[in-house]
Every structure is written in C-alpha cells, then in structure tokens.
$ cat data_1.cif   # mmCIF, C-alpha atoms
data_model
loop_
_atom_site.label_atom_id
_atom_site.label_comp_id
_atom_site.auth_asym_id
_atom_site.auth_seq_id
_atom_site.Cartn_x
_atom_site.Cartn_y
_atom_site.Cartn_z
CA MET A 11 -12.55 -68.57 -6.27
CA LEU A 12 -9.19 -70.37 -6.34
CA VAL A 13 -8.31 -68.77 -9.67
CA GLY A 14 -9.09 -65.36 -8.15
CA VAL A 15 -6.87 -66.12 -5.15
CA LEU A 16 -4.01 -67.19 -7.44
CA VAL A 17 -4.34 -64.18 -9.75
CA ALA A 18 -4.49 -61.80 -6.79
CA GLY A 19 -1.46 -63.55 -5.30
CA VAL A 20 0.57 -63.13 -8.48
CA VAL A 21 -0.35 -59.44 -8.72
CA CYS A 22 0.55 -58.88 -5.06
CA VAL A 23 3.91 -60.67 -5.47
CA LEU A 24 4.65 -58.35 -8.39
CA VAL A 25 3.70 -55.33 -6.26
CA ALA A 26 6.03 -56.56 -3.50
CA LEU A 27 8.88 -57.03 -5.99
CA VAL A 28 8.41 -53.52 -7.33
CA LEU A 29 8.31 -52.03 -3.81
CA ALA A 30 11.21 -54.07 -2.39
CA GLY A 31 13.94 -51.76 -3.68
CA ARG A 32 12.25 -48.69 -2.30
CA LEU A 33 10.77 -49.93 0.99
CA GLY A 34 12.97 -52.88 1.87
CA PRO A 35 11.98 -56.54 1.63
CA VAL A 36 10.04 -56.86 4.90
CA THR A 37 7.82 -53.85 4.28
CA ALA A 38 7.33 -54.76 0.61
CA VAL A 39 6.23 -58.29 1.49
CA ALA A 40 3.94 -56.87 4.21
CA VAL A 41 2.31 -54.45 1.74
CA GLY A 42 1.89 -57.19 -0.88
CA GLY A 43 0.54 -59.59 1.75
CA LEU A 44 -1.86 -56.97 3.10
CA LEU A 45 -3.24 -56.34 -0.39
CA TRP A 46 -3.55 -60.08 -0.99
CA SER A 47 -5.34 -60.67 2.31
CA ILE A 48 -7.82 -57.90 1.49
CA ALA A 49 -8.43 -59.42 -1.95
CA ILE A 50 -8.99 -62.87 -0.42
CA ILE A 51 -11.49 -61.44 2.06
CA GLY A 52 -13.41 -59.90 -0.83
CA LEU A 53 -13.37 -63.14 -2.79
CA ILE A 54 -14.56 -65.38 0.03
CA THR A 55 -17.26 -62.99 1.20
CA LEU A 56 -18.64 -61.66 -2.07
CA LEU A 57 -18.66 -64.69 -4.33
CA PRO A 58 -21.79 -66.83 -4.12
CA ALA A 59 -21.65 -69.46 -1.40
CA THR A 60 -22.78 -72.14 -3.85
CA ALA A 61 -22.14 -72.69 -7.55
CA ALA A 62 -25.83 -72.17 -8.31
CA PRO A 63 -27.15 -69.69 -5.74
CA GLY A 64 -30.63 -69.61 -7.21
CA ILE A 65 -32.95 -66.67 -7.53
CA VAL A 66 -33.93 -64.36 -4.71
CA SER A 67 -37.14 -62.53 -5.49
CA ALA A 68 -37.53 -58.87 -4.62
CA GLU A 69 -40.14 -59.87 -2.05
CA GLY A 70 -37.87 -62.52 -0.53
CA ARG A 71 -34.86 -60.23 -0.23
CA LEU A 72 -33.99 -58.98 3.22
CA GLY A 73 -34.46 -55.25 3.63
CA THR A 74 -32.03 -54.76 6.51
CA CYS A 75 -29.05 -56.41 8.15
CA SER A 76 -29.59 -58.82 11.00
CA TRP A 77 -28.98 -57.06 14.31
CA ASP A 78 -29.24 -60.35 16.21
CA ILE A 79 -25.83 -60.22 17.88
CA GLY A 80 -24.46 -63.76 18.06
CA GLY A 81 -26.80 -65.17 15.41
CA PRO A 82 -28.03 -66.33 12.97
CA ALA A 83 -24.54 -67.69 12.26
CA PRO A 84 -24.24 -71.48 12.48
CA ASP A 85 -22.64 -72.62 15.72
CA GLY A 86 -23.39 -69.22 17.23
CA PHE A 87 -21.19 -68.35 20.20
CA TRP A 88 -19.57 -65.38 21.76
CA ILE A 89 -15.88 -66.18 22.19
CA PHE A 90 -14.36 -68.49 19.58
CA SER A 91 -15.86 -71.94 19.96
CA GLY A 92 -15.86 -72.69 16.22
CA GLY A 93 -17.89 -72.41 13.07
CA GLN A 94 -18.62 -69.44 10.86
CA ARG A 95 -17.99 -66.80 13.53
CA LEU A 96 -14.48 -68.11 14.13
CA LEU A 97 -13.82 -68.00 10.39
CA ASN A 98 -15.16 -64.43 10.21
CA THR A 99 -12.70 -63.48 12.94
CA VAL A 100 -9.68 -65.40 11.69
CA VAL A 101 -9.96 -64.13 8.10
CA PHE A 102 -9.20 -60.56 9.25
CA VAL A 103 -6.22 -61.45 11.51
CA PRO A 104 -3.61 -61.47 8.69
CA SER A 105 -4.79 -58.07 7.45
CA GLY A 106 -4.41 -56.53 10.90
CA ALA A 107 -0.96 -58.09 11.42
CA LEU A 108 0.34 -57.13 7.98
CA LEU A 109 -1.03 -53.61 8.40
CA VAL A 110 1.19 -53.09 11.45
CA VAL A 111 4.29 -54.60 9.82
CA ALA A 112 3.76 -52.45 6.71
CA ALA A 113 3.22 -49.29 8.77
CA ALA A 114 6.07 -49.94 11.22
CA ARG A 115 8.64 -48.68 8.74
CA ALA A 116 7.04 -45.21 8.98
CA GLY A 117 8.29 -44.77 12.57
CA ARG A 118 6.14 -42.46 14.66
CA ALA A 119 3.72 -42.00 11.77
CA ALA A 120 2.72 -45.64 12.36
CA LEU A 121 0.96 -44.44 15.52
CA ALA A 122 -1.52 -42.70 13.20
CA LEU A 123 -1.34 -45.12 10.26
CA VAL A 124 -2.32 -48.21 12.24
CA PRO A 125 -5.54 -46.78 13.76
CA VAL A 126 -6.50 -45.31 10.37
CA GLY A 127 -5.77 -48.66 8.72
CA LEU A 128 -7.80 -50.46 11.38
CA ALA A 129 -10.70 -48.08 10.75
CA LEU A 130 -10.40 -48.79 7.02
CA LEU A 131 -10.52 -52.54 7.69
CA ALA A 132 -13.67 -51.98 9.76
CA ALA A 133 -15.13 -49.89 6.92
CA TYR A 134 -14.24 -52.69 4.48
CA SER A 135 -16.19 -55.14 6.65
CA VAL A 136 -19.18 -52.77 6.69
CA ALA A 137 -18.95 -52.38 2.90
CA ILE A 138 -18.90 -56.15 2.46
CA GLU A 139 -22.00 -56.59 4.61
CA TRP A 140 -23.78 -53.77 2.80
CA THR A 141 -22.90 -55.36 -0.55
CA GLN A 142 -24.22 -58.70 0.69
CA LEU A 143 -27.47 -56.97 1.63
CA GLU A 144 -27.82 -55.17 -1.70
CA LEU A 145 -26.81 -58.14 -3.87
CA ALA A 146 -29.15 -60.82 -2.57
CA ARG A 147 -28.31 -62.88 -5.68
CA ILE A 148 -24.94 -63.89 -4.20
CA ASP A 149 -26.83 -65.81 -1.50
CA ARG A 150 -25.11 -64.11 1.42
CA ALA A 151 -26.70 -62.49 4.45
CA CYS A 152 -25.88 -59.12 5.97
CA ASP A 153 -25.20 -59.57 9.68
CA VAL A 154 -23.85 -57.05 12.18
CA THR A 155 -22.27 -59.94 14.09
CA ASP A 156 -20.00 -60.51 11.09
CA ILE A 157 -18.75 -56.92 11.37
CA ILE A 158 -18.05 -57.39 15.08
CA ASP A 159 -16.19 -60.64 14.38
CA ASN A 160 -14.22 -59.11 11.48
CA VAL A 161 -13.13 -56.09 13.52
CA THR A 162 -12.22 -58.37 16.43
CA GLY A 163 -10.00 -60.36 14.07
CA ALA A 164 -8.37 -57.18 12.76
CA VAL A 165 -7.67 -56.01 16.34
CA VAL A 166 -6.17 -59.40 17.25
CA GLY A 167 -4.10 -59.13 14.07
CA VAL A 168 -2.85 -55.67 15.07
CA GLY A 169 -1.68 -57.15 18.39
CA LEU A 170 0.13 -59.94 16.55
CA GLY A 171 1.52 -57.39 14.11
CA VAL A 172 3.12 -55.42 16.93
CA VAL A 173 4.94 -58.58 18.02
CA LEU A 174 5.91 -59.39 14.41
CA ALA A 175 7.17 -55.85 13.82
CA MET A 176 9.38 -56.08 16.91
CA ILE A 177 10.81 -59.37 15.63
CA LEU A 178 11.15 -58.44 11.94
CA ARG A 179 12.05 -54.76 12.47
CA PRO A 180 11.06 -53.58 9.00
CA TRP A 181 12.73 -50.21 9.57
CA ARG A 182 16.15 -51.90 9.25
CA GLY A 183 17.85 -52.33 5.92
CA ARG A 184 15.89 -49.64 4.16
CA PRO A 185 17.65 -47.78 1.41
CA ASN A 186 19.04 -44.39 2.38
CA HIS A 187 17.62 -41.77 -0.02
CA ASP A 188 19.12 -38.59 1.42
#
$ encode --input "data_1.cif" --output "structure tokens"
Amino acid sequence: MLVGVLVAGVVCVLVALVLAGRLGPVTAVAVGGLLWSIAIIGLITLLPATAAPGIVSAEGRLGTCSWDIGGPAPDGFWIFSGGQRLLNTVVFVPSGALLVVAAARAGRAALALVPVGLALLAAYSVAIEWTQLELARIDRACDVTDIIDNVTGAVVGVGLGVVLAMILRPWRGRPNHD
C-alpha cells in the first residue's frame, strides 16, 4: 500500500509540475493533490485489509450491501466519536477541499464544477462499495453507512475548501493567454 501511495504521489507531483505553467502554482498543486487523494482513497479501500485475506466461498459472500445505518462498523456512532466511521469521513475531507481550490480558478464556473465534483466523489464512494461487494476476496464489506460517511467528509472538505480558496486565491497569478 505504501509503495502505491508513493508512486501515486510522484505521478501527481509530475502532473502538478506540468500544469503549473498553465494554471498557476496553487491550482496545479490543488489538481495534483486532488488526484493523489483520490488514488489514496482507492488504495486504502480496495486493497485487502490483511496480508492474507483468505478465501470467501460463493456461499459465504454477501449478496447485498449492509443497509444497517450506523453499523456494523466498529465503534459505531452517529457524529464523530472515533473508529472506522471517523476514518471513512476524514479520508474524503482532503478531496472535497482540494476540489474547491482547484475549481476556484474557473470563477463563476466553479459554482457548477464544485457540485458536479461533489457528485463525482459521491459516485466514487458508491463505486468503491460496489467493488467491495463484488470482490469479496479483498475481505471488505459493502456498507451504505460508509457512503454516508464518505459524502459527509467530502461536504466538510468543500466547506474547508471555500475557506482555503479565499485565503489562497488561486485565481491570482495565472498566466494571461489573451
């Protein structure tokens, strides 16, 4: 997993370097960081939880996602008391924040880009849970609560991103290509 994180990080730094001249440094770093955060989410949610996940028989495989809102996650809770649910929320916060900073350079178009990006982050969470359901071998469980927590984290991230965009003002210092 760590090798994957490092490789994804190197690729995303290269993407940011390539984009910096065209988009400006703040937006380029935000785009590279957004791509890296999405890659990290994929790595931590789709790699097996243990080094030897074992074998899940066709009969033992779950047929549907858990719709038990608030469970079966360890340390189940509703509003951020700790454990797996907090991690599921926190892991999407950087993506939401970087989405806003990356989109802020687009001016008024950001008013459409951010909700579309947020919907794509929600769809990514759904795709991860569906993949966990279909690939029982990775020893992960599909849970609707995870989707709720992931989207909550992305929304919190969008709020933080608005503050960051106001501080960093990525629309400044962009090259003038008239």
$ closest_residue --input "data_1.cif" --among "A:Val100, A:Leu143, A:Ala107, A:Ile138" --to "Ala49 (chain A)" --atoms "only C-alpha atoms"
A:Ile138
$ residues_near_point --input "data_1.cif" --point "(-10.8, -62.2, -4.8)" --cutoff "8 Å" --atoms "all atoms listed in the file" --output "number ranges by chain"
A: 11, 14-15, 18, 49-54
$ write_last_selection --input "data_1.cif" --atoms "C-alpha atoms" --output "short mmCIF file (atom, residue, chain, number, x, y, z; two decimals), in the coordinates of the input"
data_model
loop_
_atom_site.label_atom_id
_atom_site.label_comp_id
_atom_site.auth_asym_id
_atom_site.auth_seq_id
_atom_site.Cartn_x
_atom_site.Cartn_y
_atom_site.Cartn_z
CA MET A 11 -12.55 -68.57 -6.27
CA GLY A 14 -9.09 -65.36 -8.15
CA VAL A 15 -6.87 -66.12 -5.15
CA ALA A 18 -4.49 -61.80 -6.79
CA ALA A 49 -8.43 -59.42 -1.95
CA ILE A 50 -8.99 -62.87 -0.42
CA ILE A 51 -11.49 -61.44 2.06
CA GLY A 52 -13.41 -59.90 -0.83
CA LEU A 53 -13.37 -63.14 -2.79
CA ILE A 54 -14.56 -65.38 0.03
#
$ atom_distance --input "data_1.cif" --atom1 "CA of Val21 (chain A)" --atom2 "CA of Pro180 (chain A)"
21.9 Å
$ resolve_selection --input "data_1.cif" --expression "the PyMOL selection byres ((chain A and resi 45) around 12)" --output "ChimeraX atom specification"
/A:15,18-26,38-44,46-52,104-106,108-109,112,131
$ closest_residue --input "data_1.cif" --among "A:Pro35, A:Gly73, A:Gly163, A:Pro125" --to "Leu96 (chain A)" --atoms "only C-alpha atoms"
A:Gly163
$ residues_around --input "data_1.cif" --residues "Thr55 (chain A)" --least-positions-apart "4" --cutoff "12 Å" --atoms "only C-alpha atoms" --output "ChimeraX atom specification"
/A:11,48-51,59-60,94,97-98,101-102,134-143,145,148-152,156-157,160
$ resolve_selection --input "data_1.cif" --expression "the PyMOL selection byres ((chain A and resi 167) around 6)" --output "list in words"
Val103, Pro104, Gly106, Ala107, Ala164, Val165, Val166, Val168, Gly169, Leu170 and Gly171 of chain A
$ closest_residue --input "data_1.cif" --among "A:Asp159, A:Leu178, A:Arg32, A:Leu57" --to "Ala132 (chain A)" --atoms "only C-alpha atoms"
A:Asp159
$ atom_distance --input "data_1.cif" --atom1 "CA of Ala133 (chain A)" --atom2 "CA of Leu121 (chain A)"
19.0 Å
$ closest_residue --input "data_1.cif" --among "A:Gly93, A:Val154, A:Arg182, A:Leu12" --to "Arg115 (chain A)" --atoms "all atoms listed in the file"
A:Arg182
$ atom_distance --input "data_1.cif" --atom1 "CA of Ala120 (chain A)" --atom2 "CA of Ile158 (chain A)"
24.0 Å
$ residues_around --input "data_1.cif" --residues "Ala114 (chain A)" --least-positions-apart "2" --cutoff "8 Å" --atoms "only C-alpha atoms" --output "ChimeraX atom specification"
/A:110-112,116-117,120,175,179-181
$ axis_aligned_box --input "data_1.cif" --around "region 137-145 of chain A" --padding-each-side "5 Å" --output "lines of an AutoDock Vina configuration file"
center_x = -23.4
center_y = -55.5
center_z = 0.4
size_x = 18.9
size_y = 16.3
size_z = 18.5
$ closest_residue --input "data_1.cif" --among "A:Ile79, A:Leu123, A:Leu174, A:Leu128" --to "Val36 (chain A)" --atoms "all atoms listed in the file"
A:Leu174
$ closest_residue --input "data_1.cif" --among "A:Leu33, A:Cys75, A:Leu27, A:Ala119" --to "Asp153 (chain A)" --atoms "all atoms listed in the file"
A:Cys75
$ decode --input "data_1.cif" --residues "region 90-114 of chain A" --atoms "N, CA and C atoms" --output "compact mmCIF listing (two decimals), in the first residue's frame"
# COMPACT_ATOMS: atom_id res chain seq x y z
N PHE A 90 -19.13 11.45 14.77
CA PHE A 90 -17.69 11.52 15.02
C PHE A 90 -17.19 11.24 16.43
N SER A 91 -17.41 10.05 16.94
CA SER A 91 -16.81 9.75 18.24
C SER A 91 -15.53 8.93 18.09
N GLY A 92 -15.23 8.44 16.92
CA GLY A 92 -13.97 7.72 16.70
C GLY A 92 -14.18 6.45 15.91
N GLY A 93 -13.08 5.77 15.64
CA GLY A 93 -13.15 4.48 14.98
C GLY A 93 -13.23 4.58 13.47
N GLN A 94 -13.71 3.50 12.88
CA GLN A 94 -13.76 3.35 11.43
C GLN A 94 -14.63 4.41 10.77
N ARG A 95 -15.73 4.78 11.36
CA ARG A 95 -16.62 5.77 10.74
C ARG A 95 -15.93 7.12 10.65
N LEU A 96 -15.18 7.48 11.68
CA LEU A 96 -14.45 8.75 11.61
C LEU A 96 -13.43 8.70 10.49
N LEU A 97 -12.72 7.60 10.36
CA LEU A 97 -11.75 7.45 9.28
C LEU A 97 -12.43 7.55 7.92
N ASN A 98 -13.58 6.89 7.75
CA ASN A 98 -14.32 6.96 6.50
C ASN A 98 -14.72 8.39 6.16
N THR A 99 -14.98 9.19 7.16
CA THR A 99 -15.33 10.59 6.93
C THR A 99 -14.09 11.42 6.62
N VAL A 100 -13.08 11.28 7.44
CA VAL A 100 -11.87 12.11 7.31
C VAL A 100 -11.15 11.87 5.99
N VAL A 101 -11.17 10.64 5.49
CA VAL A 101 -10.41 10.31 4.27
C VAL A 101 -10.94 11.08 3.05
N PHE A 102 -12.19 11.52 3.06
CA PHE A 102 -12.74 12.26 1.94
C PHE A 102 -12.64 13.79 2.11
N VAL A 103 -12.26 14.26 3.28
CA VAL A 103 -12.15 15.72 3.51
C VAL A 103 -11.13 16.37 2.57
N PRO A 104 -9.91 15.84 2.43
CA PRO A 104 -8.96 16.49 1.52
C PRO A 104 -9.46 16.57 0.07
N SER A 105 -10.14 15.54 -0.38
CA SER A 105 -10.66 15.56 -1.76
C SER A 105 -11.67 16.69 -1.94
N GLY A 106 -12.56 16.84 -0.98
CA GLY A 106 -13.55 17.93 -1.07
C GLY A 106 -12.89 19.29 -1.04
N ALA A 107 -11.91 19.47 -0.16
CA ALA A 107 -11.22 20.77 -0.04
C ALA A 107 -10.42 21.08 -1.30
N LEU A 108 -9.67 20.11 -1.79
CA LEU A 108 -8.85 20.33 -2.98
C LEU A 108 -9.70 20.52 -4.23
N LEU A 109 -10.86 19.90 -4.27
CA LEU A 109 -11.80 20.10 -5.37
C LEU A 109 -12.16 21.59 -5.48
N VAL A 110 -12.50 22.20 -4.36
CA VAL A 110 -12.89 23.61 -4.37
C VAL A 110 -11.72 24.50 -4.78
N VAL A 111 -10.55 24.26 -4.21
CA VAL A 111 -9.38 25.08 -4.55
C VAL A 111 -9.04 24.94 -6.03
N ALA A 112 -9.13 23.72 -6.56
CA ALA A 112 -8.85 23.50 -7.98
C ALA A 112 -9.89 24.19 -8.86
N ALA A 113 -11.14 24.14 -8.46
CA ALA A 113 -12.22 24.72 -9.27
C ALA A 113 -12.30 26.24 -9.13
N ALA A 114 -11.80 26.80 -8.04
CA ALA A 114 -11.95 28.23 -7.77
C ALA A 114 -11.36 29.10 -8.86
